>>> print(open('structure-v5.csv').read())   # CSV, C-alpha atoms and all ligand atoms
chain,number,residue,atom,x,y,z
A,369,MET,CA,0.0,0.0,0.0
A,370,ASN,CA,3.0,2.3,0.4
A,371,ASN,CA,2.9,3.8,-3.1
A,372,HIS,CA,-0.8,4.5,-2.8
A,373,ARG,CA,-1.7,7.9,-1.5
A,374,THR,CA,-4.9,8.2,0.5
A,375,LEU,CA,-7.2,11.2,0.3
A,376,LYS,CA,-6.2,12.1,3.9
A,377,GLU,CA,-2.5,12.3,2.9
A,378,TYR,CA,-3.3,14.2,-0.2
A,379,LEU,CA,-5.4,16.8,1.8
A,380,LEU,CA,-2.7,17.1,4.4
A,381,ASP,CA,-0.2,18.0,1.7
A,382,HIS,CA,-2.6,20.4,0.1
A,383,LEU,CA,-3.1,22.1,3.5
A,384,ALA,CA,0.6,22.4,4.0
A,385,ASP,CA,0.8,24.3,0.6
A,386,HIS,CA,-2.4,26.3,1.2
A,387,PRO,CA,-2.8,26.9,4.9
A,388,GLU,CA,-5.5,29.5,4.2
A,389,GLN,CA,-7.7,26.7,2.8
A,390,ARG,CA,-7.9,24.8,6.0
A,391,GLU,CA,-11.7,25.0,6.1
A,392,LEU,CA,-12.1,24.0,2.5
A,393,VAL,CA,-9.9,21.0,3.1
A,394,MET,CA,-12.2,20.0,6.0
A,395,ILE,CA,-15.2,20.5,3.7
A,396,MET,CA,-13.7,18.2,1.1
A,397,SER,CA,-13.2,15.6,3.8
A,398,ASN,CA,-16.8,16.0,4.9
A,399,MET,CA,-18.0,15.4,1.3
A,400,ALA,CA,-15.8,12.2,1.1
A,401,THR,CA,-17.6,10.9,4.3
A,402,ILE,CA,-21.0,11.7,2.8
A,403,GLY,CA,-19.9,9.8,-0.4
A,404,GLU,CA,-18.9,6.8,1.6
A,405,THR,CA,-22.2,6.7,3.5
A,406,ILE,CA,-24.3,7.1,0.3
A,407,SER,CA,-22.2,4.5,-1.4
A,408,THR,CA,-22.9,2.0,1.3
A,409,GLN,CA,-26.6,2.8,1.2
A,410,THR,CA,-26.6,2.6,-2.6
A,411,ASN,CA,-25.1,-0.9,-2.5
A,412,LYS,CA,-27.8,-2.0,0.0
A,413,ALA,CA,-30.7,-0.3,-1.8
A,414,GLY,CA,-31.9,-3.5,-3.5
A,415,LEU,CA,-31.8,-5.3,-0.2
A,416,ALA,CA,-33.6,-2.5,1.6
A,417,GLY,CA,-36.5,-3.1,-0.8
A,418,ILE,CA,-36.5,-6.8,-0.2
A,419,LEU,CA,-36.1,-6.6,3.6
A,420,GLY,CA,-38.6,-3.8,3.7
A,421,SER,CA,-41.2,-5.4,1.7
A,422,LEU,CA,-43.4,-6.2,4.7
A,423,GLY,CA,-44.3,-2.7,5.5
A,424,GLN,CA,-41.9,0.3,5.4
A,425,THR,CA,-39.4,-0.8,8.0
A,426,ASN,CA,-36.3,-3.0,7.5
A,427,ILE,CA,-35.0,-5.8,9.6
A,428,GLN,CA,-33.6,-3.4,12.2
A,429,GLY,CA,-36.9,-1.7,12.5
A,430,GLU,CA,-35.6,1.4,10.7
A,431,THR,CA,-37.8,3.2,8.3
A,432,ILE,CA,-36.7,2.7,4.7
A,433,GLN,CA,-36.3,5.8,2.8
A,434,ARG,CA,-35.9,6.3,-0.9
A,435,LEU,CA,-32.2,6.9,-1.7
A,436,ASP,CA,-32.7,10.4,-2.9
A,437,VAL,CA,-34.6,11.3,0.3
A,438,PHE,CA,-31.9,9.6,2.4
A,439,ALA,CA,-29.1,11.4,0.5
A,440,ASN,CA,-30.7,14.8,0.9
A,441,GLU,CA,-31.4,14.3,4.7
A,442,LEU,CA,-27.8,13.1,5.2
A,443,CYS,CA,-26.3,16.0,3.4
A,444,LYS,CA,-28.4,18.5,5.3
A,445,LYS,CA,-27.9,17.0,8.7
A,446,TYR,CA,-24.3,16.2,8.4
A,447,LEU,CA,-23.2,19.4,6.7
A,448,ARG,CA,-25.1,21.5,9.1
A,449,ALA,CA,-23.3,19.9,12.0
A,450,THR,CA,-19.9,20.8,10.5
A,451,GLU,CA,-20.7,24.5,11.0
A,452,HIS,CA,-18.8,25.3,7.8
A,453,PHE,CA,-21.9,26.6,6.0
A,454,ALA,CA,-23.9,29.8,6.3
A,455,ALA,CA,-26.6,28.3,4.1
A,456,MET,CA,-27.3,25.3,1.8
A,457,ALA,CA,-29.2,24.8,-1.4
A,458,SER,CA,-30.4,21.4,-2.6
A,459,GLU,CA,-32.1,20.1,-5.6
A,460,GLU,CA,-34.6,18.5,-3.2
A,461,GLU,CA,-35.4,21.8,-1.4
A,462,SER,CA,-37.4,24.5,-3.0
A,463,THR,CA,-35.8,27.3,-0.9
A,464,VAL,CA,-32.5,28.0,0.8
A,465,VAL,CA,-32.0,25.7,3.8
A,466,ASP,CA,-31.8,27.5,7.1
A,467,MET,CA,-28.8,26.4,9.2
A,468,GLY,CA,-29.9,28.1,12.3
A,469,ASN,CA,-27.2,29.1,14.7
A,470,ASP,CA,-24.9,26.4,13.3
A,471,GLY,CA,-24.1,28.6,10.3
A,472,ALA,CA,-24.0,32.0,12.0
A,473,ARG,CA,-20.3,32.6,11.6
A,474,ALA,CA,-19.6,30.3,8.7
A,475,LYS,CA,-17.7,31.5,5.7
A,476,TYR,CA,-19.1,29.3,2.9
A,477,VAL,CA,-22.3,28.2,1.2
A,478,ILE,CA,-22.9,24.9,-0.5
A,479,ALA,CA,-25.3,23.8,-3.3
A,480,PHE,CA,-25.8,20.1,-4.0
A,481,ASP,CA,-27.6,17.5,-6.0
A,482,PRO,CA,-27.7,14.8,-3.3
A,483,LEU,CA,-28.6,12.0,-5.7
A,484,ASP,CA,-28.2,12.6,-9.4
A,485,GLY,CA,-29.7,10.1,-11.9
A,486,SER,CA,-33.0,9.4,-10.1
A,487,SER,CA,-34.3,7.3,-13.0
A,488,ASN,CA,-31.4,4.9,-12.5
A,489,ILE,CA,-31.9,4.4,-8.7
A,490,ASP,CA,-34.2,1.5,-8.9
A,491,VAL,CA,-32.5,-0.3,-11.7
A,492,ASN,CA,-28.9,-0.7,-10.4
A,493,VAL,CA,-27.3,1.8,-12.8
A,494,SER,CA,-24.7,4.4,-11.8
A,495,ILE,CA,-25.9,7.5,-9.9
A,496,GLY,CA,-24.0,10.3,-8.2
A,497,THR,CA,-23.8,13.3,-5.9
A,498,ILE,CA,-22.7,16.8,-7.1
A,499,PHE,CA,-21.6,19.7,-5.0
A,500,SER,CA,-20.6,23.3,-5.5
A,501,VAL,CA,-19.0,25.6,-2.8
A,502,HIS,CA,-18.9,29.4,-2.8
A,503,LYS,CA,-17.7,31.9,-0.4
A,504,ARG,CA,-20.5,33.4,1.7
A,505,LEU,CA,-21.4,37.0,0.7
A,506,PHE,CA,-21.3,39.0,3.9
A,507,ASN,CA,-23.1,42.0,2.5
A,508,ILE,CA,-26.4,40.2,2.1
A,509,ASP,CA,-28.5,38.0,4.4
A,510,ARG,CA,-27.2,34.5,4.5
A,511,LEU,CA,-30.5,33.0,3.6
A,512,ASP,CA,-30.8,35.3,0.6
A,513,GLU,CA,-31.0,33.3,-2.6
A,514,ARG,CA,-28.3,35.5,-4.1
A,515,GLN,CA,-25.7,33.6,-2.0
A,516,PHE,CA,-26.1,30.9,-4.6
A,517,LEU,CA,-26.4,33.1,-7.7
A,518,GLN,CA,-22.7,33.6,-7.9
A,519,LYS,CA,-20.8,33.0,-11.1
A,520,GLY,CA,-19.4,29.5,-11.6
A,521,ARG,CA,-16.0,31.0,-12.0
A,522,ASP,CA,-16.1,32.1,-8.3
A,523,GLN,CA,-16.5,28.5,-7.0
A,524,VAL,CA,-13.8,27.7,-4.5
A,525,LEU,CA,-14.5,23.9,-4.5
A,526,ALA,CA,-16.6,21.7,-6.7
A,527,GLY,CA,-16.8,18.0,-7.3
A,528,TYR,CA,-18.9,14.8,-7.6
A,529,ILE,CA,-19.0,11.3,-6.3
A,530,LEU,CA,-19.9,8.6,-8.8
A,531,TYR,CA,-21.5,5.4,-7.4
A,532,GLY,CA,-20.6,3.1,-10.2
A,533,SER,CA,-18.9,-0.2,-10.5
A,534,SER,CA,-16.6,1.5,-8.0
A,535,THR,CA,-17.1,4.7,-6.1
A,536,VAL,CA,-15.0,7.6,-7.2
A,537,LEU,CA,-14.6,11.1,-5.9
A,538,VAL,CA,-13.6,13.8,-8.4
A,539,PHE,CA,-12.9,17.4,-7.2
A,540,SER,CA,-11.1,20.6,-7.7
A,541,PHE,CA,-10.0,23.5,-5.4
A,542,GLY,CA,-9.2,25.3,-8.6
A,543,ASP,CA,-5.8,23.8,-9.1
A,544,GLY,CA,-6.4,20.8,-11.2
A,545,VAL,CA,-8.9,17.9,-11.0
A,546,HIS,CA,-8.1,14.9,-8.8
A,547,GLU,CA,-9.8,11.5,-8.7
A,548,PHE,CA,-9.9,9.1,-5.8
A,549,THR,CA,-11.4,5.7,-5.6
A,550,LEU,CA,-13.0,4.3,-2.5
A,551,ASP,CA,-11.8,1.0,-1.0
A,552,HIS,CA,-14.8,0.0,1.1
A,553,GLY,CA,-13.0,-2.7,2.9
A,554,ILE,CA,-10.3,-0.3,4.3
A,555,GLY,CA,-12.7,2.7,4.4
A,556,GLU,CA,-10.2,5.0,2.6
A,557,TYR,CA,-10.2,6.8,-0.7
A,558,PHE,CA,-7.0,6.2,-2.7
A,559,LEU,CA,-5.6,8.5,-5.4
A,560,SER,CA,-6.4,7.0,-8.8
A,561,ASN,CA,-5.8,9.9,-11.1
A,562,GLU,CA,-3.7,12.8,-9.8
A,563,ARG,CA,-4.4,15.3,-12.6
A,564,VAL,CA,-7.4,14.4,-14.7
A,565,MET,CA,-7.2,15.9,-18.2
A,566,ILE,CA,-10.0,15.3,-20.7
A,567,PRO,CA,-8.9,14.2,-24.1
A,568,PRO,CA,-9.1,17.2,-26.4
A,569,VAL,CA,-10.7,15.2,-29.2
A,570,ALA,CA,-14.1,13.5,-28.5
A,571,GLU,CA,-14.7,9.9,-29.3
A,572,TYR,CA,-18.2,9.7,-27.8
A,573,TYR,CA,-21.4,11.7,-27.6
A,574,SER,CA,-24.0,11.4,-24.9
A,575,VAL,CA,-27.4,12.7,-25.5
A,576,ASN,CA,-31.0,11.4,-25.1
A,577,GLU,CA,-31.7,11.0,-28.8
A,578,GLY,CA,-35.3,10.1,-27.9
A,579,ASN,CA,-35.7,13.8,-27.5
A,580,THR,CA,-34.8,14.6,-31.1
A,581,VAL,CA,-38.3,15.8,-32.0
A,582,TYR,CA,-38.3,18.3,-29.2
A,583,PHE,CA,-34.9,19.8,-30.1
A,584,GLU,CA,-34.4,22.9,-32.2
A,585,ARG,CA,-33.5,22.1,-35.8
A,586,LYS,CA,-29.9,23.3,-35.2
A,587,ASP,CA,-29.4,20.9,-32.3
A,588,ALA,CA,-30.9,18.0,-34.1
A,589,ASP,CA,-28.7,18.7,-37.0
A,590,PHE,CA,-25.6,19.0,-34.9
A,591,ILE,CA,-26.3,15.7,-33.2
A,592,ALA,CA,-26.8,14.0,-36.6
A,593,TYR,CA,-23.5,15.5,-37.7
A,594,LEU,CA,-21.7,14.0,-34.6
A,595,ARG,CA,-23.2,10.6,-35.4
A,596,ASP,CA,-23.1,10.5,-39.2
A,597,GLU,CA,-20.1,12.7,-40.2
A,598,LYS,CA,-17.8,12.7,-37.1
A,599,LYS,CA,-18.8,9.1,-36.6
A,600,LEU,CA,-18.7,9.4,-32.8
A,601,SER,CA,-19.8,6.4,-30.7
A,602,ALA,CA,-23.0,6.9,-28.7
A,603,ARG,CA,-23.1,6.3,-24.9
A,604,TYR,CA,-26.0,7.5,-22.8
A,605,ILE,CA,-26.5,6.4,-19.2
A,606,GLY,CA,-29.0,9.0,-18.1
A,607,SER,CA,-27.1,10.1,-15.0
A,608,LEU,CA,-25.2,13.3,-15.6
A,609,VAL,CA,-22.4,12.3,-13.2
A,610,ALA,CA,-21.9,8.9,-15.0
A,611,ASP,CA,-22.1,10.3,-18.5
A,612,PHE,CA,-19.9,13.3,-17.6
A,613,HIS,CA,-17.3,11.0,-15.9
A,614,ARG,CA,-17.1,8.7,-18.9
A,615,ASN,CA,-16.6,11.6,-21.3
A,616,MET,CA,-14.0,13.2,-19.0
A,617,ILE,CA,-11.9,10.0,-19.0
A,618,LYS,CA,-12.5,8.7,-22.5
A,619,GLY,CA,-13.0,12.0,-24.4
A,620,GLY,CA,-16.5,12.9,-25.3
A,621,VAL,CA,-19.3,15.4,-25.1
A,622,TYR,CA,-22.5,15.4,-23.1
A,623,LEU,CA,-25.4,17.3,-24.6
A,624,TYR,CA,-28.8,18.2,-23.2
A,625,PRO,CA,-30.0,20.8,-25.6
A,626,ALA,CA,-33.1,22.9,-24.9
A,627,VAL,CA,-36.4,21.0,-25.5
A,628,ASP,CA,-39.9,22.1,-26.4
A,629,LYS,CA,-42.0,19.4,-24.8
A,630,GLY,CA,-45.1,21.6,-24.7
A,631,GLY,CA,-45.2,22.0,-28.4
A,632,LYS,CA,-45.5,25.8,-28.1
A,633,GLY,CA,-42.2,26.8,-29.5
A,634,ILE,CA,-40.8,27.5,-26.0
A,635,TYR,CA,-37.4,25.8,-25.6
A,636,THR,CA,-36.0,25.2,-22.1
A,637,GLY,CA,-33.0,23.4,-20.7
A,638,LYS,CA,-33.3,20.6,-18.2
A,639,ILE,CA,-30.0,20.6,-16.3
A,640,ARG,CA,-29.8,22.8,-13.2
A,641,LEU,CA,-27.3,25.6,-13.3
A,642,ASN,CA,-26.3,26.0,-9.7
A,643,TYR,CA,-25.7,22.4,-8.6
A,644,GLU,CA,-25.3,20.5,-11.8
A,645,LEU,CA,-23.8,22.7,-14.5
A,646,LYS,CA,-21.6,25.1,-12.6
A,647,PRO,CA,-19.7,22.4,-10.7
A,648,MET,CA,-19.2,20.3,-13.8
A,649,ALA,CA,-18.1,23.3,-15.9
A,650,PHE,CA,-15.6,24.2,-13.2
A,651,LEU,CA,-14.1,20.7,-13.3
A,652,LEU,CA,-14.1,20.7,-17.1
A,653,GLU,CA,-12.2,23.9,-17.4
A,654,GLN,CA,-9.7,22.7,-14.9
A,655,ALA,CA,-9.3,19.5,-17.0
A,656,GLY,CA,-8.9,21.3,-20.3
A,657,GLY,CA,-12.5,20.9,-21.5
A,658,LEU,CA,-15.3,23.4,-22.1
A,659,ALA,CA,-18.9,23.9,-21.0
A,660,THR,CA,-21.6,26.1,-22.7
A,661,ASP,CA,-25.3,26.4,-23.0
A,662,GLY,CA,-24.8,27.3,-26.6
A,663,GLU,CA,-24.7,31.1,-26.0
A,664,MET,CA,-21.9,31.5,-23.4
A,665,ASN,CA,-19.4,29.7,-21.2
A,666,ILE,CA,-21.3,28.3,-18.2
A,667,LEU,CA,-18.7,29.7,-15.8
A,668,ASP,CA,-19.5,33.3,-16.9
A,669,MET,CA,-23.3,33.0,-16.4
A,670,GLU,CA,-25.0,35.0,-13.7
A,671,PRO,CA,-27.7,32.7,-12.4
A,672,THR,CA,-31.1,34.4,-11.8
A,673,SER,CA,-32.8,31.8,-9.6
A,674,LEU,CA,-32.0,28.9,-7.3
A,675,HIS,CA,-33.3,26.1,-9.6
A,676,GLU,CA,-32.6,27.7,-12.9
A,677,ARG,CA,-32.2,25.2,-15.8
A,678,ARG,CA,-30.0,25.6,-18.9
A,679,ALA,CA,-29.2,23.8,-22.0
A,680,ALA,CA,-25.9,22.0,-21.6
A,681,ILE,CA,-23.0,21.1,-24.0
A,682,LEU,CA,-20.1,19.8,-21.9
A,683,GLY,CA,-17.0,18.0,-22.8
A,684,SER,CA,-13.9,17.8,-25.0
A,685,ARG,CA,-12.8,21.1,-26.6
A,686,ASP,CA,-13.1,20.2,-30.2
A,687,ILE,CA,-16.8,19.4,-30.2
A,688,VAL,CA,-17.9,22.2,-27.8
A,689,GLU,CA,-15.9,24.7,-29.8
A,690,GLU,CA,-17.5,23.5,-33.0
A,691,TYR,CA,-21.0,23.8,-31.4
A,692,MET,CA,-20.3,27.4,-30.4
A,693,ALA,CA,-18.9,28.3,-33.8
A,694,ARG,CA,-22.1,27.3,-35.5
B,701,LIG,P1,-31.8,14.2,-11.3
B,701,LIG,O1,-31.9,12.7,-11.2
B,701,LIG,O2,-30.9,14.8,-10.2
B,701,LIG,O3,-33.1,14.9,-11.3
B,701,LIG,O4,-31.0,14.6,-12.6
B,701,LIG,C1,-31.4,14.0,-13.8
B,701,LIG,C2,-30.7,14.6,-15.0
B,701,LIG,C3,-29.3,14.2,-15.3
B,701,LIG,O5,-28.7,13.4,-14.3
B,701,LIG,C4,-29.5,13.3,-16.5
B,701,LIG,O6,-28.4,13.4,-17.4
B,701,LIG,C5,-30.7,13.8,-17.1
B,701,LIG,O7,-31.5,14.4,-16.1
B,701,LIG,C6,-31.5,12.7,-17.8
B,701,LIG,O8,-32.6,13.2,-18.4
B,701,LIG,P2,-33.5,12.3,-19.4
B,701,LIG,O9,-34.1,11.2,-18.6
B,701,LIG,O10,-34.5,13.3,-19.8
B,701,LIG,O11,-32.6,11.8,-20.5
B,702,MN,MN,-29.3,15.7,-11.2
B,703,MN,MN,-31.1,14.7,-8.0
>>> encode(input="structure-v5.csv", output="structure tokens")
Amino acid sequence: MNNHRTLKEYLLDHLADHPEQRELVMIMSNMATIGETISTQTNKAGLAGILGSLGQTNIQGETIQRLDVFANELCKKYLRATEHFAAMASEEESTVVDMGNDGARAKYVIAFDPLDGSSNIDVNVSIGTIFSVHKRLFNIDRLDERQFLQKGRDQVLAGYILYGSSTVLVFSFGDGVHEFTLDHGIGEYFLSNERVMIPPVAEYYSVNEGNTVYFERKDADFIAYLRDEKKLSARYIGSLVADFHRNMIKGGVYLYPAVDKGGKGIYTGKIRLNYELKPMAFLLEQAGGLATDGEMNILDMEPTSLHERRAAILGSRDIVEEYMAR
């Protein structure tokens, strides 16, 4: 095990180089703990259903919760107790989460998607957790939504945990992207990729092509171009974290163009800006990739509401640049 660095060792070294980031390092460690807990629950999720089939309690008499509810409650309860956060925002909460006195002096705010890929929860397919940390704005109330409407470029920490065939944690403090893999037996994360760089040329495209009739013509054409002319291979998992991770490692692009599902000519994005797109865009830029909604770099956007949705084109530079050039 000597040549394997653990997350703890890595964070200690980071702290030695950046003593001013002490609290952020602790936050990163908190997220790793959350990831380990959700990972354990995810592995047991099928069993929970079986053992809980006679009513809503499991064999220990505990109430069984859906994984997304469990993940949200865990994030809220655990992160609140750390006292690192003045406020929290979650995909599962309509408004900013009040931290009470626990957040009174805190210097950071966090937005998260506790369980990404809900449609894959019940069918044993990869899911994830996404998080985005900003500095608290001291000139406005800490429960003011504007705490979370900061530009993606101003994130101080962002990352995700992917619960796949193994559990990996990918994060950035703004100095490169690092990947750690969880060893459940030992209960430690080990460094598996010290400086993740996305291949500059895409080999894969990930999009829900079943939506083609709802896309604007230009988007449908671009996807046909990726498939028929660029001859990219298709991979679509339906969990942003899983599709994103795959493309980051193998070289590819994730697309969720605006859709008009109401048939009224109103096209809207699906992916949430504050806790899905901003953190992914931050990681991508650190890894040499690019993220846009088609109009501008995701990191330069000024969000206007907590649960704002945008079109998303994320991945290897060649394809994202081509999309923007059109
Ligand atoms: P969530 O499960 O957190 O609501 O997010 C789902 C998102 C994203 O993870 C995924 O890429 C996309 O929705 C899938 O959407 P479709 O089922 O419409 O393809
Ligand atoms: Mn999601
Ligand atoms: Mn979710």
>>> atom_distance(input="structure-v5.csv", atom1="atom O6 of ligand LIG 701 (chain B)", atom2="CA of Gly606 in chain A")
4.5 Å
>>> residues_around(input="structure-v5.csv", residues="Ala454 in chain A", least_positions_apart="3", cutoff="9 Å", atoms="only C-alpha atoms", output="PyMOL selection string")
chain A and resi 448+451+466-468+470-478+504+510-511
>>> closest_residue(input="structure-v5.csv", among="A:Gly662, A:Gly620, A:Gly496, A:Gly631", to="Ile529 in chain A", atoms="only C-alpha atoms")
A:Gly496
>>> closest_atom_pairs(input="structure-v5.csv", of="chain A", to="ligand MN 702 (chain B)", cutoff="9 Å", atoms="only C-alpha atoms and all ligand atoms", output="Markdown table")
| residue | atom | partner | partner_atom | distance |
| --- | --- | --- | --- | --- |
| A:Glu459 | CA | B:MN702 | MN | 7.7 |
| A:Asp481 | CA | B:MN702 | MN | 5.8 |
| A:Pro482 | CA | B:MN702 | MN | 8.1 |
| A:Leu483 | CA | B:MN702 | MN | 6.7 |
| A:Asp484 | CA | B:MN702 | MN | 3.7 |
| A:Gly485 | CA | B:MN702 | MN | 5.7 |
| A:Ser486 | CA | B:MN702 | MN | 7.4 |
| A:Ile495 | CA | B:MN702 | MN | 9.0 |
| A:Gly496 | CA | B:MN702 | MN | 8.1 |
| A:Thr497 | CA | B:MN702 | MN | 8.0 |
| A:Ile498 | CA | B:MN702 | MN | 7.8 |
| A:Ser607 | CA | B:MN702 | MN | 7.1 |
| A:Leu608 | CA | B:MN702 | MN | 6.5 |
| A:Val609 | CA | B:MN702 | MN | 7.9 |
| A:Ile639 | CA | B:MN702 | MN | 7.1 |
| A:Arg640 | CA | B:MN702 | MN | 7.4 |
| A:Tyr643 | CA | B:MN702 | MN | 8.0 |
| A:Glu644 | CA | B:MN702 | MN | 6.3 |
>>> closest_residue(input="structure-v5.csv", among="A:Arg694, A:His546, A:Lys646, A:Arg514", to="Ala680 in chain A", atoms="all atoms listed in the file")
A:Lys646
>>> residues_around(input="structure-v5.csv", residues="Met648 in chain A", least_positions_apart="6", cutoff="9 Å", atoms="only C-alpha atoms", output="number ranges by chain")
A: 498, 500, 526-528, 609, 612, 659, 682
>>> closest_residue(input="structure-v5.csv", among="A:Ile402, A:Tyr691, A:His502, A:Ile681", to="Asp589 in chain A", atoms="all atoms listed in the file")
A:Tyr691
>>> closest_residue(input="structure-v5.csv", among="A:Met456, A:Leu600, A:Ile489, A:Cys443", to="Asn411 in chain A", atoms="only C-alpha atoms")
A:Ile489
>>> atom_distance(input="structure-v5.csv", atom1="CA of Thr549 in chain A", atom2="CA of Thr410 in chain A")
15.8 Å
>>> atom_distance(input="structure-v5.csv", atom1="CA of Phe480 in chain A", atom2="CA of Phe499 in chain A")
4.3 Å
>>> closest_residue(input="structure-v5.csv", among="A:Ala413, A:Ala610, A:Leu375, A:Ala439", to="ligand MN 703 (chain B)", atoms="only C-alpha atoms and all ligand atoms")
A:Ala439
>>> residues_around(input="structure-v5.csv", residues="Tyr573 in chain A", least_positions_apart="4", cutoff="12 Å", atoms="all atoms listed in the file", output="PyMOL selection string")
chain A and resi 569+577+590-596+598-605+611-612+614-616+618-624+681-684+687-688
>>> residues_around(input="structure-v5.csv", residues="Ile634 in chain A", least_positions_apart="4", cutoff="12 Å", atoms="only C-alpha atoms", output="PyMOL selection string")
chain A and resi 582-584+626-630
>>> residues_around(input="structure-v5.csv", residues="Ile395 in chain A", least_positions_apart="4", cutoff="8 Å", atoms="all atoms listed in the file", output="list of chain:residue names")
A:Glu391, A:Met399, A:His452
>>> closest_residue(input="structure-v5.csv", among="A:Ala400, A:His386, A:Lys638, A:Gly542", to="ligand MN 703 (chain B)", atoms="all atoms listed in the file")
A:Lys638
>>> residues_near_point(input="structure-v5.csv", point="(-36.8, 1.4, 2.0)", cutoff="6 Å", atoms="all atoms listed in the file", output="list in words")
Ala416, Gly417, Gly420, Ile432, Gln433 and Arg434 of chain A
>>> write_last_selection(input="structure-v5.csv", atoms="C-alpha atoms", output="short mmCIF file (atom, residue, chain, number, x, y, z; two decimals), in the frame of the given file")
data_model
loop_
_atom_site.label_atom_id
_atom_site.label_comp_id
_atom_site.auth_asym_id
_atom_site.auth_seq_id
_atom_site.Cartn_x
_atom_site.Cartn_y
_atom_site.Cartn_z
CA ALA A 416 -33.60 -2.50 1.60
CA GLY A 417 -36.50 -3.10 -0.80
CA GLY A 420 -38.60 -3.80 3.70
CA ILE A 432 -36.70 2.70 4.70
CA GLN A 433 -36.30 5.80 2.80
CA ARG A 434 -35.90 6.30 -0.90
#
>>> decode(input="structure-v5.csv", residues="range 652-692 of chain A", atoms="C-alpha atoms", output="mmCIF file, in the first residue's frame")
data_model
loop_
_atom_site.group_PDB
_atom_site.id
_atom_site.type_symbol
_atom_site.label_atom_id
_atom_site.label_comp_id
_atom_site.auth_asym_id
_atom_site.auth_seq_id
_atom_site.Cartn_x
_atom_site.Cartn_y
_atom_site.Cartn_z
ATOM 1 C CA LEU A 652 -14.129 20.661 -17.063
ATOM 2 C CA GLU A 653 -12.218 23.903 -17.405
ATOM 3 C CA GLN A 654 -9.659 22.656 -14.886
ATOM 4 C CA ALA A 655 -9.323 19.487 -16.953
ATOM 5 C CA GLY A 656 -8.930 21.295 -20.272
ATOM 6 C CA GLY A 657 -12.507 20.895 -21.486
ATOM 7 C CA LEU A 658 -15.309 23.366 -22.058
ATOM 8 C CA ALA A 659 -18.935 23.920 -21.028
ATOM 9 C CA THR A 660 -21.551 26.074 -22.722
ATOM 10 C CA ASP A 661 -25.315 26.437 -23.007
ATOM 11 C CA GLY A 662 -24.757 27.332 -26.647
ATOM 12 C CA GLU A 663 -24.658 31.068 -25.983
ATOM 13 C CA MET A 664 -21.943 31.483 -23.400
ATOM 14 C CA ASN A 665 -19.442 29.744 -21.178
ATOM 15 C CA ILE A 666 -21.339 28.251 -18.222
ATOM 16 C CA LEU A 667 -18.749 29.692 -15.808
ATOM 17 C CA ASP A 668 -19.515 33.254 -16.938
ATOM 18 C CA MET A 669 -23.276 33.033 -16.443
ATOM 19 C CA GLU A 670 -25.002 34.999 -13.748
ATOM 20 C CA PRO A 671 -27.706 32.703 -12.381
ATOM 21 C CA THR A 672 -31.063 34.364 -11.778
ATOM 22 C CA SER A 673 -32.797 31.769 -9.616
ATOM 23 C CA LEU A 674 -31.973 28.854 -7.343
ATOM 24 C CA HIS A 675 -33.278 26.073 -9.569
ATOM 25 C CA GLU A 676 -32.604 27.673 -12.932
ATOM 26 C CA ARG A 677 -32.229 25.203 -15.806
ATOM 27 C CA ARG A 678 -30.048 25.626 -18.862
ATOM 28 C CA ALA A 679 -29.157 23.827 -22.031
ATOM 29 C CA ALA A 680 -25.878 21.957 -21.610
ATOM 30 C CA ILE A 681 -23.035 21.065 -23.952
ATOM 31 C CA LEU A 682 -20.127 19.769 -21.881
ATOM 32 C CA GLY A 683 -16.950 18.003 -22.787
ATOM 33 C CA SER A 684 -13.923 17.785 -25.047
ATOM 34 C CA ARG A 685 -12.845 21.109 -26.551
ATOM 35 C CA ASP A 686 -13.086 20.152 -30.223
ATOM 36 C CA ILE A 687 -16.813 19.437 -30.230
ATOM 37 C CA VAL A 688 -17.860 22.169 -27.789
ATOM 38 C CA GLU A 689 -15.929 24.749 -29.823
ATOM 39 C CA GLU A 690 -17.530 23.513 -33.024
ATOM 40 C CA TYR A 691 -20.963 23.780 -31.450
ATOM 41 C CA MET A 692 -20.285 27.353 -30.378
#
